[in-house]
>>> print(open('model.pdb').read())   # PDB, C-alpha atoms and all ligand atoms
MODEL        1
ATOM      1  CA  MET S   1      10.234  -6.431  23.027  1.00  0.00           C
ATOM      2  CA  THR S   2      11.758  -4.554  20.088  1.00  0.00           C
ATOM      3  CA  HIS S   3       9.373  -2.751  17.807  1.00  0.00           C
ATOM      4  CA  PRO S   4       8.775  -4.162  14.331  1.00  0.00           C
ATOM      5  CA  ARG S   5      10.618  -2.367  11.547  1.00  0.00           C
ATOM      6  CA  VAL S   6       8.404  -1.107   8.745  1.00  0.00           C
ATOM      7  CA  ALA S   7       9.302  -0.107   5.184  1.00  0.00           C
ATOM      8  CA  ILE S   8       6.931   1.955   3.042  1.00  0.00           C
ATOM      9  CA  LEU S   9       7.232   1.529  -0.725  1.00  0.00           C
ATOM     10  CA  ILE S  10       6.050   4.362  -2.978  1.00  0.00           C
ATOM     11  CA  SER S  11       6.217   5.433  -6.609  1.00  0.00           C
ATOM     12  CA  GLY S  12       4.874   8.983  -6.524  1.00  0.00           C
ATOM     13  CA  ARG S  13       3.316  11.629  -4.333  1.00  0.00           C
ATOM     14  CA  GLY S  14       3.120   9.428  -1.228  1.00  0.00           C
ATOM     15  CA  SER S  15      -0.032  10.865   0.334  1.00  0.00           C
ATOM     16  CA  ASN S  16      -0.918   7.509   1.925  1.00  0.00           C
ATOM     17  CA  MET S  17       2.628   7.278   3.303  1.00  0.00           C
ATOM     18  CA  THR S  18       2.231  10.756   4.780  1.00  0.00           C
ATOM     19  CA  ALA S  19      -1.125   9.861   6.349  1.00  0.00           C
ATOM     20  CA  ILE S  20       0.469   6.809   7.970  1.00  0.00           C
ATOM     21  CA  LEU S  21       3.508   8.731   9.250  1.00  0.00           C
ATOM     22  CA  ASP S  22       1.280  11.505  10.600  1.00  0.00           C
ATOM     23  CA  ALA S  23      -0.959   9.052  12.467  1.00  0.00           C
ATOM     24  CA  ALA S  24       2.035   7.124  13.830  1.00  0.00           C
ATOM     25  CA  ALA S  25       3.660  10.298  15.140  1.00  0.00           C
ATOM     26  CA  ARG S  26       0.403  11.522  16.695  1.00  0.00           C
ATOM     27  CA  GLU S  27      -0.471   8.228  18.346  1.00  0.00           C
ATOM     28  CA  ASP S  28       3.012   6.849  19.148  1.00  0.00           C
ATOM     29  CA  TRP S  29       2.641   3.493  17.374  1.00  0.00           C
ATOM     30  CA  PRO S  30       4.727   0.483  18.512  1.00  0.00           C
ATOM     31  CA  CYS S  31       6.861   0.303  15.345  1.00  0.00           C
ATOM     32  CA  THR S  32       9.830   1.959  13.664  1.00  0.00           C
ATOM     33  CA  PHE S  33       9.547   3.387  10.160  1.00  0.00           C
ATOM     34  CA  ALA S  34      12.991   2.241   9.085  1.00  0.00           C
ATOM     35  CA  LEU S  35      12.906   2.889   5.350  1.00  0.00           C
ATOM     36  CA  VAL S  36      11.002   4.509   2.504  1.00  0.00           C
ATOM     37  CA  LEU S  37      11.856   2.877  -0.813  1.00  0.00           C
ATOM     38  CA  SER S  38      10.866   4.055  -4.271  1.00  0.00           C
ATOM     39  CA  ASN S  39      11.338   2.698  -7.777  1.00  0.00           C
ATOM     40  CA  ASN S  40      11.294   6.308  -8.974  1.00  0.00           C
ATOM     41  CA  ALA S  41      13.984   8.825  -8.011  1.00  0.00           C
ATOM     42  CA  ASP S  42      11.551  11.690  -8.705  1.00  0.00           C
ATOM     43  CA  ALA S  43       8.843  10.442  -6.321  1.00  0.00           C
ATOM     44  CA  ARG S  44       7.642  13.438  -4.327  1.00  0.00           C
ATOM     45  CA  GLY S  45       7.104  11.222  -1.289  1.00  0.00           C
ATOM     46  CA  LEU S  46      10.884  10.708  -0.985  1.00  0.00           C
ATOM     47  CA  ILE S  47      11.267  14.370  -0.065  1.00  0.00           C
ATOM     48  CA  THR S  48       8.513  14.116   2.559  1.00  0.00           C
ATOM     49  CA  ALA S  49      10.152  11.021   4.066  1.00  0.00           C
ATOM     50  CA  ALA S  50      13.607  12.624   4.175  1.00  0.00           C
ATOM     51  CA  GLU S  51      12.151  15.748   5.817  1.00  0.00           C
ATOM     52  CA  ARG S  52      10.874  13.468   8.563  1.00  0.00           C
ATOM     53  CA  GLY S  53      14.285  11.912   9.083  1.00  0.00           C
ATOM     54  CA  ILE S  54      13.439   8.534   7.564  1.00  0.00           C
ATOM     55  CA  SER S  55      16.087   6.725   5.482  1.00  0.00           C
ATOM     56  CA  THR S  56      15.207   6.647   1.813  1.00  0.00           C
ATOM     57  CA  VAL S  57      16.470   4.497  -1.001  1.00  0.00           C
ATOM     58  CA  VAL S  58      15.766   4.350  -4.738  1.00  0.00           C
ATOM     59  CA  CYS S  59      15.710   0.999  -6.545  1.00  0.00           C
ATOM     60  CA  ASP S  60      15.191   1.932 -10.186  1.00  0.00           C
ATOM     61  CA  HIS S  61      13.265  -0.754 -12.060  1.00  0.00           C
ATOM     62  CA  ARG S  62      14.030   0.585 -15.538  1.00  0.00           C
ATOM     63  CA  PRO S  63      17.408  -1.076 -16.149  1.00  0.00           C
ATOM     64  CA  TYR S  64      15.722  -4.463 -15.627  1.00  0.00           C
ATOM     65  CA  GLY S  65      12.709  -4.312 -17.941  1.00  0.00           C
ATOM     66  CA  ARG S  66       9.833  -6.763 -17.780  1.00  0.00           C
ATOM     67  CA  ALA S  67      11.888  -9.860 -18.681  1.00  0.00           C
ATOM     68  CA  ARG S  68      14.184  -9.386 -15.701  1.00  0.00           C
ATOM     69  CA  ARG S  69      11.449  -8.585 -13.158  1.00  0.00           C
ATOM     70  CA  PRO S  70      12.594 -11.387 -10.791  1.00  0.00           C
ATOM     71  CA  GLU S  71      16.099  -9.887 -10.715  1.00  0.00           C
ATOM     72  CA  TYR S  72      14.644  -6.486  -9.842  1.00  0.00           C
ATOM     73  CA  ASP S  73      12.541  -8.062  -7.145  1.00  0.00           C
ATOM     74  CA  ALA S  74      15.637  -9.824  -5.770  1.00  0.00           C
ATOM     75  CA  GLU S  75      17.268  -6.383  -5.457  1.00  0.00           C
ATOM     76  CA  LEU S  76      14.207  -5.140  -3.536  1.00  0.00           C
ATOM     77  CA  VAL S  77      14.335  -8.156  -1.233  1.00  0.00           C
ATOM     78  CA  ARG S  78      18.054  -7.684  -0.615  1.00  0.00           C
ATOM     79  CA  THR S  79      17.571  -4.003   0.203  1.00  0.00           C
ATOM     80  CA  LEU S  80      14.703  -4.688   2.586  1.00  0.00           C
ATOM     81  CA  GLN S  81      16.613  -7.504   4.289  1.00  0.00           C
ATOM     82  CA  GLU S  82      19.677  -5.265   4.703  1.00  0.00           C
ATOM     83  CA  HIS S  83      17.430  -2.907   6.669  1.00  0.00           C
ATOM     84  CA  ALA S  84      16.019  -5.811   8.737  1.00  0.00           C
ATOM     85  CA  ILE S  85      12.466  -4.997   7.666  1.00  0.00           C
ATOM     86  CA  ASP S  86       9.586  -6.903   9.304  1.00  0.00           C
ATOM     87  CA  TRP S  87       6.564  -5.306   7.573  1.00  0.00           C
ATOM     88  CA  ILE S  88       6.255  -3.910   4.071  1.00  0.00           C
ATOM     89  CA  VAL S  89       3.591  -1.304   3.357  1.00  0.00           C
ATOM     90  CA  LEU S  90       2.907  -0.714  -0.336  1.00  0.00           C
ATOM     91  CA  ALA S  91       1.542   2.814  -0.678  1.00  0.00           C
ATOM     92  CA  GLY S  92       1.068   3.560  -4.356  1.00  0.00           C
ATOM     93  CA  PHE S  93       4.024   1.342  -5.354  1.00  0.00           C
ATOM     94  CA  MET S  94       3.133   0.836  -8.995  1.00  0.00           C
ATOM     95  CA  ARG S  95       5.096  -2.330  -9.746  1.00  0.00           C
ATOM     96  CA  ILE S  96       3.751  -5.852 -10.162  1.00  0.00           C
ATOM     97  CA  LEU S  97       5.590  -8.071  -7.713  1.00  0.00           C
ATOM     98  CA  SER S  98       6.866 -11.502  -8.708  1.00  0.00           C
ATOM     99  CA  PRO S  99       6.951 -14.540  -6.406  1.00  0.00           C
ATOM    100  CA  VAL S 100      10.617 -13.736  -5.708  1.00  0.00           C
ATOM    101  CA  PHE S 101       9.324 -10.806  -3.652  1.00  0.00           C
ATOM    102  CA  THR S 102       6.063 -12.156  -2.268  1.00  0.00           C
ATOM    103  CA  ARG S 103       7.616 -15.466  -1.125  1.00  0.00           C
ATOM    104  CA  ALA S 104      10.424 -13.640   0.696  1.00  0.00           C
ATOM    105  CA  PHE S 105       7.863 -11.917   2.980  1.00  0.00           C
ATOM    106  CA  PRO S 106       4.833 -14.212   3.314  1.00  0.00           C
ATOM    107  CA  ARG S 107       1.921 -12.438   5.082  1.00  0.00           C
ATOM    108  CA  ARG S 108       4.221  -9.488   5.722  1.00  0.00           C
ATOM    109  CA  ILE S 109       3.231  -7.239   2.799  1.00  0.00           C
ATOM    110  CA  LEU S 110       0.228  -4.885   2.914  1.00  0.00           C
ATOM    111  CA  ASN S 111      -1.249  -3.005  -0.024  1.00  0.00           C
ATOM    112  CA  ILE S 112      -3.939  -0.391  -0.504  1.00  0.00           C
ATOM    113  CA  HIS S 113      -5.972  -0.578  -3.683  1.00  0.00           C
ATOM    114  CA  PRO S 114      -8.429   2.084  -4.884  1.00  0.00           C
ATOM    115  CA  SER S 115     -11.508  -0.109  -5.327  1.00  0.00           C
ATOM    116  CA  LEU S 116     -13.775  -2.387  -3.336  1.00  0.00           C
ATOM    117  CA  LEU S 117     -11.944  -5.618  -4.150  1.00  0.00           C
ATOM    118  CA  PRO S 118     -12.658  -8.073  -5.683  1.00  0.00           C
ATOM    119  CA  ARG S 119     -14.192  -5.443  -7.966  1.00  0.00           C
ATOM    120  CA  PHE S 120     -11.742  -3.698 -10.283  1.00  0.00           C
ATOM    121  CA  PRO S 121      -8.297  -5.145  -9.633  1.00  0.00           C
ATOM    122  CA  GLY S 122      -5.556  -3.523 -11.737  1.00  0.00           C
ATOM    123  CA  LEU S 123      -5.427   0.005 -13.099  1.00  0.00           C
ATOM    124  CA  ARG S 124      -7.934   2.831 -13.914  1.00  0.00           C
ATOM    125  CA  THR S 125     -10.243   1.742 -11.114  1.00  0.00           C
ATOM    126  CA  HIS S 126     -12.235   4.992 -10.869  1.00  0.00           C
ATOM    127  CA  GLU S 127     -12.895   5.179 -14.620  1.00  0.00           C
ATOM    128  CA  ARG S 128     -13.948   1.542 -14.622  1.00  0.00           C
ATOM    129  CA  ALA S 129     -16.286   2.042 -11.647  1.00  0.00           C
ATOM    130  CA  LEU S 130     -18.009   4.893 -13.478  1.00  0.00           C
ATOM    131  CA  GLU S 131     -18.208   2.890 -16.715  1.00  0.00           C
ATOM    132  CA  ALA S 132     -19.745  -0.033 -14.828  1.00  0.00           C
ATOM    133  CA  GLY S 133     -22.381   2.241 -13.235  1.00  0.00           C
ATOM    134  CA  VAL S 134     -21.834   0.942  -9.691  1.00  0.00           C
ATOM    135  CA  ALA S 135     -23.640   2.732  -6.850  1.00  0.00           C
ATOM    136  CA  ASP S 136     -20.693   2.583  -4.496  1.00  0.00           C
ATOM    137  CA  HIS S 137     -16.931   2.465  -4.731  1.00  0.00           C
ATOM    138  CA  GLY S 138     -14.050   2.705  -2.285  1.00  0.00           C
ATOM    139  CA  CYS S 139     -10.716   1.278  -1.259  1.00  0.00           C
ATOM    140  CA  SER S 140      -9.357  -1.950   0.170  1.00  0.00           C
ATOM    141  CA  VAL S 141      -6.334  -2.922   2.238  1.00  0.00           C
ATOM    142  CA  HIS S 142      -5.170  -6.486   1.771  1.00  0.00           C
ATOM    143  CA  LEU S 143      -2.273  -8.825   2.374  1.00  0.00           C
ATOM    144  CA  VAL S 144      -0.238  -9.307  -0.777  1.00  0.00           C
ATOM    145  CA  ASP S 145       0.096 -12.790  -2.184  1.00  0.00           C
ATOM    146  CA  GLU S 146       0.994 -14.003  -5.677  1.00  0.00           C
ATOM    147  CA  SER S 147      -2.310 -12.922  -7.230  1.00  0.00           C
ATOM    148  CA  LEU S 148      -2.857  -9.431  -8.663  1.00  0.00           C
ATOM    149  CA  ASP S 149      -4.671  -7.379  -5.995  1.00  0.00           C
ATOM    150  CA  GLY S 150      -6.087 -10.639  -4.671  1.00  0.00           C
ATOM    151  CA  GLY S 151      -4.715 -11.451  -1.191  1.00  0.00           C
ATOM    152  CA  PRO S 152      -6.827 -11.668   1.989  1.00  0.00           C
ATOM    153  CA  LEU S 153      -8.763  -8.472   2.734  1.00  0.00           C
ATOM    154  CA  LEU S 154      -8.007  -6.631   5.983  1.00  0.00           C
ATOM    155  CA  GLY S 155     -10.352  -3.661   5.640  1.00  0.00           C
ATOM    156  CA  GLN S 156     -12.457  -1.652   3.227  1.00  0.00           C
ATOM    157  CA  ALA S 157     -13.973   1.819   3.147  1.00  0.00           C
ATOM    158  CA  ARG S 158     -16.927   2.711   0.949  1.00  0.00           C
ATOM    159  CA  VAL S 159     -18.068   5.930  -0.711  1.00  0.00           C
ATOM    160  CA  PRO S 160     -21.185   6.620  -2.791  1.00  0.00           C
ATOM    161  CA  VAL S 161     -20.836   7.249  -6.518  1.00  0.00           C
ATOM    162  CA  LEU S 162     -22.618  10.517  -7.314  1.00  0.00           C
ATOM    163  CA  PRO S 163     -24.370  11.307 -10.613  1.00  0.00           C
ATOM    164  CA  ALA S 164     -21.984  14.147 -11.486  1.00  0.00           C
ATOM    165  CA  ASP S 165     -18.810  12.207 -10.615  1.00  0.00           C
ATOM    166  CA  THR S 166     -15.785  12.265 -12.872  1.00  0.00           C
ATOM    167  CA  PRO S 167     -12.854   9.870 -12.360  1.00  0.00           C
ATOM    168  CA  GLU S 168     -11.050  12.759 -10.648  1.00  0.00           C
ATOM    169  CA  SER S 169     -13.865  13.655  -8.219  1.00  0.00           C
ATOM    170  CA  LEU S 170     -14.392  10.003  -7.368  1.00  0.00           C
ATOM    171  CA  ALA S 171     -10.651   9.456  -6.861  1.00  0.00           C
ATOM    172  CA  ALA S 172     -10.533  12.444  -4.502  1.00  0.00           C
ATOM    173  CA  ARG S 173     -13.467  11.122  -2.440  1.00  0.00           C
ATOM    174  CA  VAL S 174     -11.870   7.670  -2.241  1.00  0.00           C
ATOM    175  CA  LEU S 175      -8.467   9.126  -1.318  1.00  0.00           C
ATOM    176  CA  VAL S 176      -9.949  10.812   1.778  1.00  0.00           C
ATOM    177  CA  GLN S 177     -11.059   7.343   2.904  1.00  0.00           C
ATOM    178  CA  GLU S 178      -7.692   5.765   2.009  1.00  0.00           C
ATOM    179  CA  HIS S 179      -6.025   8.219   4.383  1.00  0.00           C
ATOM    180  CA  ILE S 180      -8.299   7.034   7.224  1.00  0.00           C
ATOM    181  CA  LEU S 181      -8.395   3.320   6.434  1.00  0.00           C
ATOM    182  CA  TYR S 182      -4.723   2.592   5.724  1.00  0.00           C
ATOM    183  CA  PRO S 183      -3.331   4.116   8.950  1.00  0.00           C
ATOM    184  CA  ALA S 184      -5.998   2.234  10.942  1.00  0.00           C
ATOM    185  CA  VAL S 185      -5.062  -1.107   9.373  1.00  0.00           C
ATOM    186  CA  VAL S 186      -1.289  -0.577   9.569  1.00  0.00           C
ATOM    187  CA  ARG S 187      -1.606   0.417  13.199  1.00  0.00           C
ATOM    188  CA  ALA S 188      -3.615  -2.725  13.955  1.00  0.00           C
ATOM    189  CA  VAL S 189      -1.116  -4.940  12.133  1.00  0.00           C
ATOM    190  CA  VAL S 190       2.024  -3.553  13.806  1.00  0.00           C
ATOM    191  CA  SER S 191       0.214  -3.847  17.139  1.00  0.00           C
ATOM    192  CA  GLY S 192      -0.193  -7.609  16.608  1.00  0.00           C
ATOM    193  CA  ASP S 193      -3.845  -7.567  15.488  1.00  0.00           C
ATOM    194  CA  LEU S 194      -3.428  -9.325  12.125  1.00  0.00           C
ATOM    195  CA  PRO S 195      -5.161 -12.545  13.283  1.00  0.00           C
ATOM    196  CA  ARG S 196      -8.226 -10.533  14.350  1.00  0.00           C
ATOM    197  CA  LEU S 197      -8.348  -8.629  11.058  1.00  0.00           C
ATOM    198  CA  LEU S 198      -8.113 -11.900   9.131  1.00  0.00           C
ATOM    199  CA  SER S 199     -10.864 -13.528  11.156  1.00  0.00           C
ATOM    200  CA  GLU S 200     -13.378 -10.713  10.667  1.00  0.00           C
ATOM    201  CA  PRO S 201     -15.272 -10.000   7.479  1.00  0.00           C
ATOM    202  CA  ALA S 202     -13.377  -7.315   5.551  1.00  0.00           C
ATOM    203  CA  GLY S 203     -14.195  -3.867   6.767  1.00  0.00           C
ATOM    204  CA  ALA S 204     -16.290  -5.028   9.712  1.00  0.00           C
ATOM    205  CA  SER S 205     -14.327  -2.990  12.210  1.00  0.00           C
ATOM    206  CA  LEU S 206     -12.743  -0.455   9.924  1.00  0.00           C
ATOM    207  CA  ASP S 207     -15.449   0.421   7.412  1.00  0.00           C
ATOM    208  CA  GLN S 208     -16.094   4.129   7.215  1.00  0.00           C
ATOM    209  CA  PRO S 209     -19.657   5.470   7.285  1.00  0.00           C
TER
HETATM  210  C1  LIG V 301      -3.552   5.635  -4.171  1.00  0.00           C
HETATM  211  O1  LIG V 301      -4.818   6.009  -4.604  1.00  0.00           O
HETATM  212  C2  LIG V 301      -3.452   4.128  -4.054  1.00  0.00           C
HETATM  213  O2  LIG V 301      -4.649   3.521  -3.648  1.00  0.00           O
HETATM  214  C3  LIG V 301      -3.138   3.751  -5.483  1.00  0.00           C
HETATM  215  O3  LIG V 301      -2.243   4.719  -5.921  1.00  0.00           O
HETATM  216  C4  LIG V 301      -2.493   5.950  -5.238  1.00  0.00           C
HETATM  217  C5  LIG V 301      -1.194   6.413  -4.632  1.00  0.00           C
HETATM  218  O4  LIG V 301      -1.351   7.693  -4.097  1.00  0.00           O
HETATM  219  N1  LIG V 301      -2.567   2.434  -5.551  1.00  0.00           N
HETATM  220  C6  LIG V 301      -2.752   1.620  -6.585  1.00  0.00           C
HETATM  221  O5  LIG V 301      -3.402   1.917  -7.554  1.00  0.00           O
HETATM  222  C7  LIG V 301      -2.069   0.272  -6.441  1.00  0.00           C
HETATM  223  N2  LIG V 301      -2.533  -0.635  -7.423  1.00  0.00           N
HETATM  224  P1  LIG V 301      -0.323   8.236  -3.019  1.00  0.00           P
HETATM  225  O6  LIG V 301       1.078   8.099  -3.635  1.00  0.00           O
HETATM  226  O7  LIG V 301      -0.696   9.680  -2.864  1.00  0.00           O
HETATM  227  O8  LIG V 301      -0.457   7.439  -1.755  1.00  0.00           O
ENDMDL
END
>>> encode(input="model.pdb", output="structure tokens", more="lines below")
Ligand code: GAR
Amino acid sequence: MTHPRVAILISGRGSNMTAILDAAAREDWPCTFALVLSNNADARGLITAAERGISTVVCDHRPYGRARRPEYDAELVRTLQEHAIDWIVLAGFMRILSPVFTRAFPRRILNIHPSLLPRFPGLRTHERALEAGVADHGCSVHLVDESLDGGPLLGQARVPVLPADTPESLAARVLVQEHILYPAVVRAVVSGDLPRLLSEPAGASLDQP
């Protein structure tokens, strides 16, 4: 059986992408990382991907603007289809996706979000967690559907919120967990374990202590 072809979509530094590529290389996952795509030509993660011999492509969203989001998304879909992509891994890809994109790859798009969903969808999650005074915080991996940060959960990792936390210290503690959780979930998915992840309560098998 041929290995599924995976694309990773990034907008910036790409530390989650790097964690996934490192784990895949170490553990010899049954998939091919066929493409790293960014909406931002200056994304640092593009350099990391190229250094590892992975094809990279930039699809700049700026010429489209908000009104033409579906046209931009159609360009993304075309690019991914040209590379025969089976799984799409959003790793800090900071674009809202329209149904043009999500309907082209139903149950084939994964995302990591820096909060314990359904708490704090959207932006500024660490600031909002501190403002809300929650005792714990974390990250979630989910399937992407047409809702904002709302598709079925595949795994979560939790960290305590400490009295002296700033948004930066909390983000750093969560990021350590992102780098453990996301590779574990992507590995499970490309290995054919999506039905099991969907049937278990989020984080049951992948929660970090
Ligand atoms: C990560 O913290 C990820 O959870 C977050 O962006 C960061 C990307 O960092 N994603 C979102 O906020 C998506 N809504 P990275 O480029 O170093 O992986």
>>> residues_near_ligand(input="model.pdb", ligand="ligand LIG 301 (chain V)", cutoff="10 Å", atoms="only C-alpha atoms and all ligand atoms", output="ChimeraX atom specification")
/S:9-20,43-45,90-96,111-115,121-126,138-141,148-149,171-172,174-179,182
>>> residues_near_point(input="model.pdb", point="(-2.4, -13.8, 0.5)", cutoff="12 Å", atoms="only C-alpha atoms", output="PyMOL selection string")
chain S and resi 99+102-103+105-111+141-154+198
>>> atom_distance(input="model.pdb", atom1="CA of His3 in chain S", atom2="CA of Phe33 in chain S")
9.8 Å
>>> residues_around(input="model.pdb", residues="Phe101 in chain S", least_positions_apart="3", cutoff="7 Å", atoms="all atoms listed in the file", output="MDAnalysis selection string")
chainID S and resid 73:74 77 97:98 104:105
>>> atom_distance(input="model.pdb", atom1="CA of Leu80 in chain S", atom2="CA of Arg5 in chain S")
10.1 Å
>>> residues_around(input="model.pdb", residues="Ala84 in chain S", least_positions_apart="2", cutoff="9 Å", atoms="only C-alpha atoms", output="ChimeraX atom specification")
/S:5-6,34,79-82,86
>>> axis_aligned_box(input="model.pdb", around="range 145-149 of chain S", padding_each_side="6 Å", output="JSON")
{"center_x": -1.8, "center_y": -10.7, "center_z": -5.4, "size_x": 17.7, "size_y": 18.6, "size_z": 18.5}
>>> atom_distance(input="model.pdb", atom1="CA of Val58 in chain S", atom2="CA of Leu181 in chain S")
26.6 Å
>>> closest_residue(input="model.pdb", among="S:Glu127, S:Val36, S:Val134, S:Ser191", to="Leu170 in chain S", atoms="all atoms listed in the file")
S:Glu127
>>> closest_residue(input="model.pdb", among="S:Tyr64, S:Leu35, S:Gln156, S:Pro163", to="Val185 in chain S", atoms="all atoms listed in the file")
S:Gln156
>>> closest_residue(input="model.pdb", among="S:Ala157, S:Ile54, S:Ala164, S:Ile180", to="Ala7 in chain S", atoms="all atoms listed in the file")
S:Ile54
>>> closest_residue(input="model.pdb", among="S:Ala129, S:Cys59, S:Leu37, S:Ala188", to="Glu71 in chain S", atoms="only C-alpha atoms")
S:Cys59
